[in-house]
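Here is structure_36.txt, consisting of compact mmCIF, C-alpha atoms:
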# COMPACT_ATOMS: atom_id res chain seq x y z
CA MET A 21 -81.15 25.45 -14.37
CA GLY A 22 -77.73 26.84 -13.61
CA SER A 23 -76.44 30.06 -15.01
CA PRO A 24 -74.16 30.02 -18.09
CA VAL A 25 -71.24 31.13 -15.92
CA GLN A 26 -71.73 28.21 -13.52
CA ASP A 27 -72.07 25.75 -16.41
CA LEU A 28 -68.80 26.99 -17.91
CA SER A 29 -67.11 26.68 -14.50
CA VAL A 30 -68.30 23.08 -14.12
CA LEU A 31 -67.14 22.19 -17.63
CA HIS A 32 -63.76 23.78 -16.94
CA GLN A 33 -63.37 21.79 -13.71
CA ARG A 34 -64.29 18.53 -15.44
CA ARG A 35 -61.89 19.25 -18.30
CA GLU A 36 -59.13 20.00 -15.77
CA GLN A 37 -59.85 16.76 -13.87
CA ARG A 38 -59.68 14.74 -17.11
CA LEU A 39 -56.41 16.43 -17.98
CA MET A 40 -54.92 15.66 -14.54
CA LEU A 41 -56.08 12.04 -14.87
CA ALA A 42 -54.45 11.78 -18.30
CA LEU A 43 -51.19 13.17 -16.92
CA ALA A 44 -51.26 10.73 -13.99
CA LEU A 45 -52.22 7.73 -16.15
CA PRO A 46 -48.62 6.66 -17.03
CA ALA A 47 -47.64 6.68 -13.35
CA LEU A 48 -50.80 4.76 -12.44
CA LEU A 49 -49.99 2.14 -15.09
CA VAL A 50 -46.46 1.74 -13.72
CA ILE A 51 -47.82 1.28 -10.19
CA LEU A 52 -50.36 -1.23 -11.51
CA LEU A 53 -47.75 -3.26 -13.39
CA LEU A 54 -44.93 -3.12 -10.84
CA VAL A 55 -46.81 -3.09 -7.53
CA VAL A 56 -50.49 -4.04 -7.68
CA LEU A 57 -50.24 -7.00 -10.08
CA PRO A 58 -47.16 -8.63 -8.43
CA VAL A 59 -48.65 -8.26 -4.94
CA GLY A 60 -51.99 -9.56 -6.18
CA TRP A 61 -50.28 -12.54 -7.83
CA LEU A 62 -48.36 -13.17 -4.59
CA ALA A 63 -51.56 -13.19 -2.55
CA TRP A 64 -53.29 -15.47 -5.11
CA GLN A 65 -50.41 -17.95 -5.10
CA SER A 66 -50.57 -18.16 -1.31
CA VAL A 67 -54.25 -19.25 -1.21
CA TYR A 68 -54.69 -21.23 -4.44
CA HIS A 69 -53.26 -24.66 -5.26
CA ASN A 70 -55.64 -26.89 -7.17
CA GLY A 71 -58.36 -24.94 -5.45
CA PHE A 72 -58.72 -22.49 -2.57
CA THR A 73 -56.65 -23.46 0.48
CA LEU A 74 -55.20 -21.89 3.63
CA GLU A 75 -52.68 -24.70 4.11
CA ASN A 76 -49.72 -22.44 3.41
CA TYR A 77 -50.75 -20.05 6.18
CA ARG A 78 -51.50 -22.94 8.56
CA ARG A 79 -47.93 -24.16 8.08
CA ILE A 80 -46.58 -20.75 9.08
CA TRP A 81 -48.42 -20.89 12.40
CA SER A 82 -47.84 -24.57 13.10
CA GLU A 83 -44.26 -25.36 12.00
CA ASP A 84 -41.34 -24.31 14.20
CA ILE A 85 -39.02 -23.42 11.31
CA TYR A 86 -41.26 -20.52 10.36
CA TRP A 87 -41.59 -19.26 13.92
CA ARG A 88 -37.83 -19.45 14.46
CA SER A 89 -37.12 -17.63 11.20
CA PHE A 90 -39.60 -14.86 11.94
CA ALA A 91 -38.34 -14.49 15.51
CA LEU A 92 -34.68 -14.44 14.41
CA THR A 93 -35.41 -11.93 11.64
CA PHE A 94 -37.17 -9.53 14.01
CA GLN A 95 -34.47 -9.95 16.66
CA ILE A 96 -31.64 -9.20 14.23
CA SER A 97 -33.56 -6.29 12.69
CA LEU A 98 -34.25 -4.79 16.11
CA LEU A 99 -30.62 -5.22 17.21
CA VAL A 100 -29.33 -3.65 13.98
CA THR A 101 -31.76 -0.75 14.44
CA LEU A 102 -30.63 -0.09 18.02
CA LEU A 103 -26.94 -0.28 17.09
CA ALA A 104 -27.50 1.96 14.06
CA LEU A 105 -29.18 4.51 16.31
CA LEU A 106 -26.35 4.40 18.87
CA LEU A 107 -23.74 4.86 16.14
CA GLY A 108 -25.70 7.08 13.78
CA TYR A 109 -26.96 9.68 16.25
CA PRO A 110 -23.49 10.98 17.23
CA ILE A 111 -22.43 10.99 13.57
CA ALA A 112 -25.51 12.96 12.51
CA TYR A 113 -25.10 15.33 15.45
CA ALA A 114 -21.46 15.96 14.60
CA ALA A 115 -22.35 16.65 10.96
CA SER A 116 -25.15 19.06 11.97
CA VAL A 117 -23.14 21.15 14.46
CA ALA A 118 -19.78 21.08 12.67
CA PRO A 119 -18.76 23.86 10.26
CA LYS A 120 -20.26 23.42 6.82
CA ARG A 121 -17.03 22.09 5.27
CA TRP A 122 -16.56 19.41 7.93
CA GLY A 123 -20.26 18.55 7.84
CA ILE A 124 -20.02 17.85 4.12
CA ILE A 125 -16.97 15.64 4.67
CA ILE A 126 -18.74 13.65 7.38
CA LEU A 127 -21.80 13.11 5.18
CA ALA A 128 -19.59 12.17 2.22
CA LEU A 129 -17.94 9.46 4.32
CA VAL A 130 -21.36 8.20 5.37
CA VAL A 131 -22.67 8.05 1.79
CA LEU A 132 -19.42 6.70 0.30
CA PRO A 133 -20.35 2.99 0.82
CA PHE A 134 -23.35 3.50 -1.49
CA TRP A 135 -20.87 3.57 -4.36
CA THR A 136 -20.11 -0.10 -3.74
CA SER A 137 -22.65 -2.87 -4.22
CA VAL A 138 -24.12 -4.72 -1.26
CA LEU A 139 -22.63 -7.98 -2.54
CA VAL A 140 -19.10 -6.56 -2.61
CA ARG A 141 -19.45 -5.16 0.90
CA ALA A 142 -20.78 -8.49 2.18
CA TYR A 143 -17.79 -10.34 0.69
CA ALA A 144 -15.46 -7.72 2.19
CA TRP A 145 -16.86 -8.38 5.67
CA LEU A 146 -16.57 -12.11 5.01
CA ALA A 147 -12.86 -11.64 4.25
CA LEU A 148 -12.40 -9.55 7.39
CA LEU A 149 -14.31 -11.74 9.85
CA GLN A 150 -13.53 -15.30 8.76
CA ARG A 151 -11.23 -17.51 10.85
CA THR A 152 -8.26 -16.71 8.63
CA GLY A 153 -9.38 -13.12 8.08
CA VAL A 154 -7.64 -9.88 8.89
CA ILE A 155 -9.26 -9.36 12.30
CA ASN A 156 -8.44 -12.83 13.65
CA GLN A 157 -4.89 -12.63 12.32
CA VAL A 158 -4.27 -9.26 13.96
CA LEU A 159 -5.70 -10.47 17.28
CA ARG A 160 -3.59 -13.64 17.22
CA GLN A 161 -0.40 -11.83 16.29
CA SER A 162 -1.07 -9.31 19.07
CA GLY A 163 -1.40 -12.14 21.59
CA VAL A 164 -4.99 -11.21 22.47
CA ILE A 165 -6.38 -14.62 21.47
CA ASP A 166 -4.90 -18.08 20.99
CA GLU A 167 -7.61 -19.55 18.76
CA PRO A 168 -9.55 -17.79 15.99
CA LEU A 169 -12.85 -16.29 17.05
CA ALA A 170 -16.11 -17.36 15.38
CA LEU A 171 -16.97 -13.97 13.93
CA VAL A 172 -18.71 -15.20 10.81
CA HIS A 173 -21.23 -17.87 9.77
CA ASN A 174 -23.39 -16.84 12.70
CA SER A 175 -25.66 -14.02 13.82
CA PHE A 176 -22.72 -11.83 14.85
CA GLY A 177 -21.34 -11.57 11.34
CA THR A 178 -24.83 -10.98 9.95
CA VAL A 179 -25.46 -8.13 12.39
CA VAL A 180 -22.09 -6.46 11.73
CA ALA A 181 -22.42 -6.51 7.94
CA THR A 182 -26.09 -5.49 7.98
CA LEU A 183 -25.32 -2.63 10.35
CA HIS A 184 -22.57 -1.34 8.05
CA ILE A 185 -24.88 -1.41 5.04
CA LEU A 186 -27.89 0.21 6.72
CA LEU A 187 -26.13 2.81 8.87
CA PRO A 188 -26.51 5.61 6.24
CA PHE A 189 -30.30 5.09 6.30
CA MET A 190 -30.20 6.09 9.97
CA VAL A 191 -27.75 8.98 9.66
CA LEU A 192 -29.41 10.82 6.79
CA PRO A 193 -32.94 11.19 8.30
CA LEU A 194 -31.36 12.18 11.61
CA TYR A 195 -29.20 14.79 9.94
CA ALA A 196 -32.16 16.20 7.98
CA THR A 197 -34.15 16.60 11.21
CA MET A 198 -31.25 18.08 13.16
CA GLN A 199 -30.61 20.65 10.45
CA GLN A 200 -34.13 22.01 10.97
CA ILE A 201 -33.68 22.58 14.72
CA PRO A 202 -33.20 26.35 15.31
CA ARG A 203 -29.86 27.03 16.95
CA ASP A 204 -31.45 30.01 18.71
CA LEU A 205 -33.20 27.57 21.03
CA MET A 206 -29.86 26.16 22.17
CA GLN A 207 -28.53 29.65 22.76
CA ALA A 208 -31.68 30.59 24.68
CA GLY A 209 -31.25 27.57 26.94
CA ALA A 210 -27.63 28.49 27.59
CA SER A 211 -28.59 32.10 28.34
CA LEU A 212 -31.02 30.83 30.99
CA GLY A 213 -28.20 29.07 32.80
CA ALA A 214 -28.48 25.55 31.41
CA GLY A 215 -25.25 23.71 30.68
CA PRO A 216 -24.50 22.02 27.34
CA MET A 217 -25.64 18.60 28.56
CA LEU A 218 -28.91 19.87 30.02
CA THR A 219 -29.58 21.94 26.91
CA PHE A 220 -29.06 18.87 24.75
CA TRP A 221 -31.35 16.64 26.85
CA ARG A 222 -34.14 19.18 27.33
CA ILE A 223 -34.14 20.89 23.91
CA PHE A 224 -32.13 19.21 21.17
CA LEU A 225 -32.94 15.55 21.84
CA PRO A 226 -36.76 15.95 22.01
CA LEU A 227 -36.76 17.98 18.79
CA SER A 228 -34.70 15.29 17.02
CA LEU A 229 -37.09 12.45 17.91
CA PRO A 230 -38.96 12.59 14.55
CA GLY A 231 -35.64 11.85 12.84
CA VAL A 232 -34.98 9.04 15.30
CA LEU A 233 -38.36 7.47 14.52
CA ALA A 234 -37.97 7.92 10.76
CA GLY A 235 -34.45 6.48 10.66
CA SER A 236 -35.34 3.59 12.97
CA THR A 237 -38.35 2.68 10.84
CA LEU A 238 -36.32 2.70 7.63
CA VAL A 239 -33.50 0.60 9.07
CA PHE A 240 -35.84 -1.89 10.73
CA VAL A 241 -38.01 -2.42 7.64
CA LEU A 242 -35.02 -2.74 5.31
CA ALA A 243 -33.33 -5.22 7.66
CA LEU A 244 -36.44 -7.41 7.63
CA GLY A 245 -35.99 -8.12 3.92
CA PHE A 246 -32.21 -8.59 3.77
CA TYR A 247 -31.09 -11.66 1.81
CA ILE A 248 -27.54 -11.52 0.44
CA THR A 249 -25.89 -10.47 3.71
CA PRO A 250 -27.37 -13.17 5.99
CA GLU A 251 -26.89 -15.74 3.24
CA LEU A 252 -23.14 -15.04 3.01
CA LEU A 253 -22.32 -14.04 6.59
CA GLY A 254 -24.75 -16.45 8.24
CA GLY A 255 -23.28 -19.46 6.50
CA GLY A 256 -26.63 -21.27 6.37
CA ARG A 257 -27.01 -21.11 10.16
CA THR A 258 -28.76 -17.74 10.36
CA ILE A 259 -32.00 -18.39 8.50
CA MET A 260 -33.98 -15.19 8.07
CA ILE A 261 -37.34 -14.78 6.37
CA SER A 262 -35.90 -13.89 2.96
CA MET A 263 -33.76 -17.04 2.99
CA LEU A 264 -36.81 -19.10 3.93
CA VAL A 265 -38.67 -17.73 0.91
CA SER A 266 -35.72 -18.52 -1.35
CA ARG A 267 -35.39 -22.09 -0.10
CA ASN A 268 -39.11 -22.77 -0.45
CA VAL A 269 -38.84 -21.83 -4.12
CA GLU A 270 -35.38 -23.14 -5.08
CA LEU A 271 -35.18 -26.34 -3.04
CA TYR A 272 -38.78 -27.45 -2.53
CA ASP A 273 -40.56 -25.72 -5.44
CA GLN A 274 -43.21 -24.53 -2.96
CA TRP A 275 -44.34 -21.29 -4.52
CA GLY A 276 -47.47 -21.16 -2.39
CA ALA A 277 -45.54 -21.46 0.87
CA ALA A 278 -43.05 -18.82 -0.25
CA SER A 279 -45.89 -16.50 -1.28
CA ALA A 280 -47.62 -16.93 2.08
CA VAL A 281 -44.43 -15.98 3.92
CA GLY A 282 -44.07 -12.95 1.65
CA VAL A 283 -47.67 -11.87 2.29
CA VAL A 284 -47.24 -12.18 6.08
CA LEU A 285 -44.04 -10.13 5.93
CA LEU A 286 -45.74 -7.54 3.72
CA VAL A 287 -48.62 -7.23 6.18
CA ALA A 288 -46.16 -6.88 9.07
CA VAL A 289 -44.33 -4.06 7.27
CA GLY A 290 -47.65 -2.37 6.49
CA LEU A 291 -48.64 -2.52 10.16
CA ILE A 292 -45.29 -1.02 11.13
CA PHE A 293 -45.75 1.90 8.74
CA PHE A 294 -49.33 2.36 9.97
CA ALA A 295 -48.16 2.48 13.59
CA VAL A 296 -45.40 4.97 12.75
CA SER A 297 -47.83 7.15 10.77
CA ARG A 298 -49.75 7.72 14.00
CA PHE A 299 -46.78 9.73 15.25
CA ILE A 300 -45.17 11.26 12.16
CA PRO A 301 -46.36 11.54 8.52
CA LEU A 302 -45.13 8.80 6.21
CA ASP A 303 -43.57 11.36 3.87
CA ARG A 304 -41.12 12.17 6.69
CA VAL A 305 -40.23 8.48 7.00
CA LEU A 306 -39.80 8.10 3.23
CA GLY A 307 -37.61 11.19 3.03
CA GLN A 308 -40.01 13.36 1.03
CA LYS A 309 -39.80 16.20 3.58
Would you mind writing the file's structure down as structure tokens?
Amino acid sequence: MGSPVQDLSVLHQRREQRLMLALALPALLVILLLVVLPVGWLAWQSVYHNGFTLENYRRIWSEDIYWRSFALTFQISLLVTLLALLLGYPIAYAASVAPKRWGIIILALVVLPFWTSVLVRAYAWLALLQRTGVINQVLRQSGVIDEPLALVHNSFGTVVATLHILLPFMVLPLYATMQQIPRDLMQAGASLGAGPMLTFWRIFLPLSLPGVLAGSTLVFVLALGFYITPELLGGGRTIMISMLVSRNVELYDQWGAASAVGVVLLVAVGLIFFAVSRFIPLDRVLGQK
């Protein structure tokens, strides 16, 4: 038999646990309705059609259209991620080392495109890159080209527009990481005789790698699921995974095939997050720290 004090302590702990569960219940219901049930329905659709079947997954591994779409999607996502890193790192670095006023201006310019919808930005790039667009007209009038360049309705236009849309998702995690790097370390390196370039390579760059990994993961995963941009800028020639899902549903009424593609993509994204979590916590990737 426990003492009365211990019994009261146990009752208090149980009451506190029930209270915490009651407070978390609305959030758990939202997760159940918006995440668990849709994903469960997606998985069920992919393996059930007049009975249990793995035909939808067999088609993914056996038909070339699926392989080409997956390969193209990962290639474009990887290219966009690399370009976003090359462009975003100097921008984030400039914002982190500049005076506070200029840093705010730089970040405001980076975030400004968020005020415009993705669809509007995609149409803007379509107007700029098409054969009669602004860029081709300027190049022809300048005598640089004689015939319009094919800048749209291909992978090039898809990469350019996707890069513009996802660039802030690279800059912001980089900036957050760079802001946490103590400037005293840079001064200590300089006091020991290291030049600015050596100080950057030996001190600043290694300390900013968590931001590089977080930003790269966000950009890559978001690019995997892009739909509107490749649909408009690809012109039907750049078929990414999201477009394959849409066509399976809209054109062929193959919900099972579309669900199987969605499940495979979901598993791929989960594996990516799992691999990244081995190096940095997921809350860093998701911007919670």
Expected axis-aligned box over every listed atom of region 93-112 of chain A, 4 Å added per side, centre plus edges in Å to one decimal, as JSON:
{"center_x": -29.8, "center_y": 0.5, "center_z": 15.3, "size_x": 22.7, "size_y": 32.9, "size_z": 15.2}
*Could you please determine the separation between CA of Ser116 (chain A) and CA of Gln199 (chain A) in Å, to one decimal place?*
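CA of Gln199 (chain A) lies at a distance of 5.9 Å from CA of Ser116 (chain A).
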*Could you jot down the CA of Gln200 (chain A) to CA of Leu227 (chain A) separation for me, Å, one decimal place?*
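Separation between CA of Gln200 (chain A) and CA of Leu227 (chain A): 9.2 Å.
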*Extract, using all atoms listed in the file, all DNA, RNA and protein residues at most 12 Å from Gly153 (chain A), discarding same-chain residues fewer than 4 positions from it, and format them as a PyMOL selection string.*
chain A and resi 143-149+157-160+168-172
*To one decimal in Å, tell me the separation between CA of Met198 (chain A) and CA of Pro216 (chain A).*
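Taking CA of Met198 (chain A) and CA of Pro216 (chain A), their separation equals 16.2 Å.
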*Would you mind listing what lies within 12 Å of region 286-302 of chain A as a ChimeraX atom specification, with only C-alpha atoms counted and same-chain residues fewer than 4 positions away left out?*
/A:59-60,62-63,90,94,229-245,261-262,279-282,306-309
*asked:* Neighbouring residues of Ile185 (chain A) were defined as those with any atom within 9 Å, considering all atoms listed in the file; residues of the same chain fewer than 6 positions away were excluded. Please report them as number ranges by chain.
replied: A: 133-134, 138, 141-142
*asked:* With distances taken over only C-alpha atoms, which residue among A:Ala214, A:Leu139, A:Val180, A:Ala114 lies nearest Leu252 (chain A)?
replied: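 The shortest atom-to-atom distance to Leu252 (chain A) comes from A:Leu139.
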*Closest to Trp87 (chain A) among A:Leu52, A:Ser162, A:Ala208, A:Leu264, using only C-alpha atoms?*
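Using only C-alpha atoms, the shortest distance to Trp87 (chain A) belongs to A:Leu264.
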_Residue nearest Phe246 (chain A) - candidates A:Val100, A:Met40, A:Leu194, A:Ala278, atoms counted: all atoms listed in the file_ = A:Val100
Would you mind putting back all heavy atoms on region 143-154 of chain A, then writing it out as an mmCIF file, in the frame of the given file?
data_model
loop_
_atom_site.group_PDB
_atom_site.id
_atom_site.type_symbol
_atom_site.label_atom_id
_atom_site.label_comp_id
_atom_site.auth_asym_id
_atom_site.auth_seq_id
_atom_site.Cartn_x
_atom_site.Cartn_y
_atom_site.Cartn_z
ATOM 1 N N TYR A 143 -18.997 -9.531 0.862
ATOM 2 C CA TYR A 143 -17.790 -10.340 0.690
ATOM 3 C C TYR A 143 -16.601 -9.709 1.418
ATOM 4 O O TYR A 143 -15.726 -10.417 1.928
ATOM 5 C CB TYR A 143 -17.472 -10.518 -0.790
ATOM 6 C CG TYR A 143 -18.150 -11.711 -1.408
ATOM 7 C CD1 TYR A 143 -19.123 -11.559 -2.392
ATOM 8 C CD2 TYR A 143 -17.801 -13.003 -1.019
ATOM 9 C CE1 TYR A 143 -19.747 -12.661 -2.957
ATOM 10 C CE2 TYR A 143 -18.420 -14.109 -1.588
ATOM 11 C CZ TYR A 143 -19.392 -13.932 -2.550
ATOM 12 O OH TYR A 143 -20.010 -15.026 -3.105
ATOM 13 N N ALA A 144 -16.541 -8.385 1.469
ATOM 14 C CA ALA A 144 -15.460 -7.720 2.190
ATOM 15 C C ALA A 144 -15.511 -8.058 3.681
ATOM 16 O O ALA A 144 -14.484 -8.344 4.308
ATOM 17 C CB ALA A 144 -15.550 -6.206 1.977
ATOM 18 N N TRP A 145 -16.723 -8.019 4.254
ATOM 19 C CA TRP A 145 -16.860 -8.380 5.670
ATOM 20 C C TRP A 145 -16.556 -9.862 5.878
ATOM 21 O O TRP A 145 -16.008 -10.255 6.925
ATOM 22 C CB TRP A 145 -18.253 -8.049 6.167
ATOM 23 C CG TRP A 145 -18.396 -6.622 6.567
ATOM 24 C CD1 TRP A 145 -19.113 -5.649 5.941
ATOM 25 C CD2 TRP A 145 -17.786 -5.996 7.694
ATOM 26 N NE1 TRP A 145 -18.985 -4.449 6.596
ATOM 27 C CE2 TRP A 145 -18.177 -4.640 7.684
ATOM 28 C CE3 TRP A 145 -16.940 -6.442 8.707
ATOM 29 C CZ2 TRP A 145 -17.757 -3.730 8.653
ATOM 30 C CZ3 TRP A 145 -16.514 -5.550 9.684
ATOM 31 C CH2 TRP A 145 -16.927 -4.211 9.649
ATOM 32 N N LEU A 146 -16.897 -10.693 4.914
ATOM 33 C CA LEU A 146 -16.570 -12.110 5.010
ATOM 34 C C LEU A 146 -15.061 -12.312 5.066
ATOM 35 O O LEU A 146 -14.542 -13.117 5.856
ATOM 36 C CB LEU A 146 -17.173 -12.875 3.829
ATOM 37 C CG LEU A 146 -17.014 -14.398 3.837
ATOM 38 C CD1 LEU A 146 -17.753 -14.995 5.036
ATOM 39 C CD2 LEU A 146 -17.560 -14.976 2.543
ATOM 40 N N ALA A 147 -14.327 -11.560 4.238
ATOM 41 C CA ALA A 147 -12.860 -11.640 4.250
ATOM 42 C C ALA A 147 -12.271 -11.117 5.558
ATOM 43 O O ALA A 147 -11.245 -11.615 6.038
ATOM 44 C CB ALA A 147 -12.299 -10.874 3.063
ATOM 45 N N LEU A 148 -12.913 -10.128 6.148
ATOM 46 C CA LEU A 148 -12.400 -9.550 7.390
ATOM 47 C C LEU A 148 -12.682 -10.437 8.602
ATOM 48 O O LEU A 148 -11.844 -10.556 9.508
ATOM 49 C CB LEU A 148 -13.021 -8.172 7.622
ATOM 50 C CG LEU A 148 -12.550 -7.038 6.711
ATOM 51 C CD1 LEU A 148 -13.407 -5.798 6.943
ATOM 52 C CD2 LEU A 148 -11.083 -6.719 6.974
ATOM 53 N N LEU A 149 -13.858 -11.066 8.633
ATOM 54 C CA LEU A 149 -14.310 -11.740 9.850
ATOM 55 C C LEU A 149 -14.048 -13.235 9.881
ATOM 56 O O LEU A 149 -14.170 -13.847 10.948
ATOM 57 C CB LEU A 149 -15.814 -11.502 10.032
ATOM 58 C CG LEU A 149 -16.259 -10.047 10.227
ATOM 59 C CD1 LEU A 149 -17.781 -9.969 10.293
ATOM 60 C CD2 LEU A 149 -15.649 -9.457 11.485
ATOM 61 N N GLN A 150 -13.707 -13.858 8.756
ATOM 62 C CA GLN A 150 -13.530 -15.300 8.760
ATOM 63 C C GLN A 150 -12.340 -15.714 9.630
ATOM 64 O O GLN A 150 -11.544 -14.887 10.065
ATOM 65 C CB GLN A 150 -13.362 -15.815 7.343
ATOM 66 C CG GLN A 150 -12.141 -15.279 6.624
ATOM 67 C CD GLN A 150 -12.109 -15.729 5.177
ATOM 68 O OE1 GLN A 150 -12.839 -16.628 4.779
ATOM 69 N NE2 GLN A 150 -11.272 -15.110 4.373
ATOM 70 N N ARG A 151 -12.231 -17.005 9.896
ATOM 71 C CA ARG A 151 -11.230 -17.510 10.850
ATOM 72 C C ARG A 151 -9.807 -17.171 10.415
ATOM 73 O O ARG A 151 -8.916 -16.989 11.250
ATOM 74 C CB ARG A 151 -11.384 -19.031 11.005
ATOM 75 C CG ARG A 151 -12.717 -19.448 11.602
ATOM 76 C CD ARG A 151 -12.835 -20.954 11.693
ATOM 77 N NE ARG A 151 -11.874 -21.506 12.636
ATOM 78 C CZ ARG A 151 -12.095 -21.646 13.942
ATOM 79 N NH1 ARG A 151 -13.255 -21.242 14.459
ATOM 80 N NH2 ARG A 151 -11.187 -22.173 14.732
ATOM 81 N N THR A 152 -9.577 -17.097 9.131
ATOM 82 C CA THR A 152 -8.260 -16.710 8.630
ATOM 83 C C THR A 152 -8.251 -15.271 8.130
ATOM 84 O O THR A 152 -7.352 -14.887 7.379
ATOM 85 C CB THR A 152 -7.827 -17.650 7.489
ATOM 86 O OG1 THR A 152 -8.808 -17.603 6.439
ATOM 87 C CG2 THR A 152 -7.691 -19.076 7.990
ATOM 88 N N GLY A 153 -9.256 -14.493 8.552
ATOM 89 C CA GLY A 153 -9.380 -13.120 8.080
ATOM 90 C C GLY A 153 -8.458 -12.161 8.793
ATOM 91 O O GLY A 153 -7.700 -12.521 9.714
ATOM 92 N N VAL A 154 -8.538 -10.922 8.384
ATOM 93 C CA VAL A 154 -7.640 -9.880 8.890
ATOM 94 C C VAL A 154 -7.799 -9.691 10.395
ATOM 95 O O VAL A 154 -6.806 -9.609 11.134
ATOM 96 C CB VAL A 154 -7.895 -8.555 8.145
ATOM 97 C CG1 VAL A 154 -7.043 -7.433 8.736
ATOM 98 C CG2 VAL A 154 -7.624 -8.717 6.655
#
